[in-house]
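Colleague: Just dropping this structure here.
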Amino acid sequence: MRLAISIKNLFFKYRNENVLEEINATICEGEYIALIGPNGGGKSTLLKLILGLLTPTQGEVLIFGKPPFKQRKLLGYMPQYVNFKLELPLLVKEVILQGRLERFKFRYTPNDFKALYEISQKLKIENLLDKKISTLSGGLRQRVLLARALIANPKILLLDEPTASVDMKAQREIYALLKTLPITKLVVSHDINLLLEGVDRVFYVNKRLVIHESLDIKISSPREGHFCQVELFEELKRSKNDRSS
């Protein structure tokens, strides 16, 4: 399979303190990766280094063999939940079209509007295009932000807590939707239900990186509820021990 992301000997320091240390990983095209770990462990920082929003203190990140700043058109990014100011009359279509903006581009083209309608149909939000984003539920807002990340047809999609602040039904819908996208996906999440929704590997990030290559994890908690992240780490550890015995 074609190599999509290569991370070599990556360090990132903030205010003289290492946030990430000696990160090494390769991600093939089409893989679906979950990034988990404690708060402050460096998950979002790693995502921003892959996006090229931050510069490594040491090491490198390559996107299809080139630095991130040269491959930005191939990257789609959905940041953590955004609270749109109610006084701003932003329409759904205006938010989605932001994903087609480029440097020195001052107006949208017919191709931009074509892409808008195609992605809105794919995500089943075409009936919302003329509504104000502030009037939507949390789950629908997340669909709109996902549409903004996808409208430029990226090869790699990076999502930071895509199901934060939404109810369980909306979470299941978003996870089901992500499974249908035939592109490389990296998802930061505290919700270990994500592990039950078809990811290929789990990256546990806490300054350093531990990669769990297999996901035949038997979770004893009910599938309908939320799982404690501590329970997940115990299950991963138990699963690893079972395979080595």
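Each chain of the structure tokens is named A, B, ... in the order shown, its residues numbered from 1; ligands are numbered from 1 in display order.
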To test your reading of the structure, identify every residue in stretch 29-206 of chain A that backbone DSSP assigns to helix (DSSP H, G or I), and report it as a PyMOL selection string.

Modeller: chain A and resi 43-51+68-70+72-74+92-100+110-122+126-128+133-135+138-150+168-179+192-196

Colleague: Near A:Gln71, counting only C-alpha atoms, which residues have an atom at most 12 Å away, once you skip same-chain residues fewer than 3 positions from it, shown as number ranges by chain?

Modeller: A: 4-5, 50-52, 61-68, 74-76, 154-156

Colleague: Since we have the selection now, will you write its residues out, keeping C-alpha atoms, as a CSV table (one decimal), in the first residue's frame?

Modeller:
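This went into again06.csv:
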```
chain,number,residue,atom,x,y,z
A,4,ALA,CA,0.5,8.4,3.2
A,5,ILE,CA,2.1,9.7,6.4
A,50,ILE,CA,0.9,16.5,10.7
A,51,LEU,CA,-1.1,19.4,9.4
A,52,GLY,CA,1.9,21.6,9.3
A,61,VAL,CA,6.6,14.6,9.2
A,62,LEU,CA,6.1,13.7,5.5
A,63,ILE,CA,2.8,13.6,3.6
A,64,PHE,CA,3.1,11.4,0.6
A,65,GLY,CA,6.9,12.1,0.7
A,66,LYS,CA,6.8,15.8,1.1
A,67,PRO,CA,6.6,18.3,4.0
A,68,PRO,CA,3.0,19.2,5.1
A,74,LEU,CA,-4.4,17.0,0.3
A,75,LEU,CA,-5.3,17.6,4.0
A,76,GLY,CA,-8.8,18.1,5.4
A,154,PRO,CA,-8.6,15.7,0.6
A,155,LYS,CA,-6.6,12.5,0.6
A,156,ILE,CA,-6.2,12.6,4.4
```

Colleague: Pick the closest to A:Tyr117 from A:Asn24, A:Asn153, A:Leu97, A:Ile192: which is it, counting only C-alpha atoms?

Modeller: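 The answer is A:Leu97, which sits nearest to A:Tyr117.
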
Colleague: List the spatial neighbours of stretch 101-109 of chain A as a compact mmCIF listing (two decimals) with N, CA and C atoms, in the first residue's frame - criterion: any atom at most 12 Å away, only C-alpha atoms, same-chain residues fewer than 3 positions off excluded.

Modeller:
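As written to disk, result10.txt reads:
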```txt
# COMPACT_ATOMS: atom_id res chain seq x y z
N ARG A 72 -0.80 20.81 1.56
CA ARG A 72 -1.99 21.26 2.30
C ARG A 72 -3.28 20.98 1.55
N LYS A 73 -3.24 20.95 0.23
CA LYS A 73 -4.45 20.67 -0.53
C LYS A 73 -4.92 19.23 -0.36
N LYS A 93 -24.15 26.99 4.11
CA LYS A 93 -23.38 26.94 2.86
C LYS A 93 -22.14 27.82 2.93
N GLU A 94 -22.21 28.93 3.68
CA GLU A 94 -21.05 29.81 3.81
C GLU A 94 -19.95 29.14 4.62
N VAL A 95 -20.36 28.40 5.65
CA VAL A 95 -19.38 27.68 6.47
C VAL A 95 -18.70 26.59 5.64
N ILE A 96 -19.48 25.82 4.91
CA ILE A 96 -18.90 24.72 4.13
C ILE A 96 -17.97 25.24 3.04
N LEU A 97 -18.36 26.31 2.38
CA LEU A 97 -17.54 26.87 1.29
C LEU A 97 -16.20 27.39 1.77
N GLN A 98 -16.07 27.68 3.07
CA GLN A 98 -14.77 28.10 3.60
C GLN A 98 -13.68 27.08 3.30
N ASP A 112 -16.75 25.42 -7.21
CA ASP A 112 -16.90 25.45 -5.75
C ASP A 112 -18.35 25.15 -5.37
N PHE A 113 -19.29 25.75 -6.09
CA PHE A 113 -20.70 25.53 -5.77
C PHE A 113 -21.13 24.10 -6.13
N LYS A 114 -20.54 23.56 -7.19
CA LYS A 114 -20.82 22.17 -7.54
C LYS A 114 -20.35 21.24 -6.42
N ALA A 115 -19.13 21.52 -5.91
CA ALA A 115 -18.60 20.72 -4.81
C ALA A 115 -19.45 20.86 -3.55
N LEU A 116 -19.97 22.07 -3.32
CA LEU A 116 -20.85 22.31 -2.17
C LEU A 116 -22.07 21.40 -2.21
N ARG A 148 -17.20 20.86 5.55
CA ARG A 148 -16.18 21.87 5.26
C ARG A 148 -14.81 21.22 5.10
N ALA A 149 -14.50 20.22 5.92
CA ALA A 149 -13.22 19.54 5.83
C ALA A 149 -13.10 18.69 4.57
N ILE A 151 -14.88 19.20 1.52
CA ILE A 151 -15.33 19.80 0.27
C ILE A 151 -14.23 19.93 -0.77
N ALA A 152 -12.98 19.99 -0.33
CA ALA A 152 -11.87 20.11 -1.28
C ALA A 152 -11.30 18.75 -1.68
```

Colleague: From the set A:Leu20, A:Ile119, A:Leu159, A:Met1, which residue has the shortest atom-to-atom contact distance to A:Ala147, counting only C-alpha atoms?

Modeller: A:Ile119

Colleague: Give me, as a tab-separated table, the closest atom pair and its distance (Å, one decimal) for every residue of stretch 42-124 of chain A within a cut-off of 8 Å of stretch 171-191 of chain A, counting only C-alpha atoms, rows sorted by chain and rising number.

Modeller:
```
residue	atom	partner	partner_atom	distance
A:Lys43	CA	A:Val188	CA	6.6
A:Ser44	CA	A:Val188	CA	7.2
A:Leu123	CA	A:Leu177	CA	7.9
```

Colleague: Filtering to C-alpha atoms, could you give me those residues as a short mmCIF file (atom, residue, chain, number, x, y, z; two decimals), in the first residue's frame?

Modeller:
```cif
data_model
loop_
_atom_site.label_atom_id
_atom_site.label_comp_id
_atom_site.auth_asym_id
_atom_site.auth_seq_id
_atom_site.Cartn_x
_atom_site.Cartn_y
_atom_site.Cartn_z
CA LYS A 43 -2.75 14.13 20.75
CA SER A 44 -3.87 17.47 19.32
CA LEU A 123 -23.63 14.03 4.11
#
```

Colleague: When you draw a straight line from atom CA of A:Phe11 to atom CA of A:Arg201, how long is it in Å?

Modeller: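 Answer for the atom CA of A:Phe11 to atom CA of A:Arg201 separation: 21.8 Å.
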
Colleague: Could you tell me which of A:Leu54, A:Leu136, A:Val19, A:Val166 comes closest to A:Gly42 if we count only C-alpha atoms?

Modeller: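 Of the candidates, the smallest distance to A:Gly42 is held by A:Val19.
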
Colleague: From a DSSP calculation on the backbone, collect every residue of stretch 110-172 of chain A in strand (DSSP E or B) and output the set as JSON, numbers by chain.

Modeller: {"A": [132, 156, 157, 158, 159, 160]}

Colleague: How would the residues just picked look written out with C-alpha atoms as a CSV table (one decimal), in the first residue's frame?

Modeller:
```
chain,number,residue,atom,x,y,z
A,132,LYS,CA,-28.1,29.7,10.0
A,156,ILE,CA,-6.2,12.6,4.4
A,157,LEU,CA,-8.8,13.7,6.9
A,158,LEU,CA,-7.7,14.7,10.4
A,159,LEU,CA,-10.4,15.1,13.1
A,160,ASP,CA,-10.0,16.5,16.6
```

Colleague: Figure out the distance between atom CA of A:Val144 and atom CA of A:Ile125, please, to one decimal in Å.

Modeller: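 According to the coordinates, atom CA of A:Ile125 and atom CA of A:Val144 are separated by 7.6 Å.
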
Colleague: Measuring between only C-alpha atoms, which one of A:Asp130, A:Glu213, A:Glu21, A:Glu118 shows the shortest distance to A:Ile33?

Modeller: A:Glu213
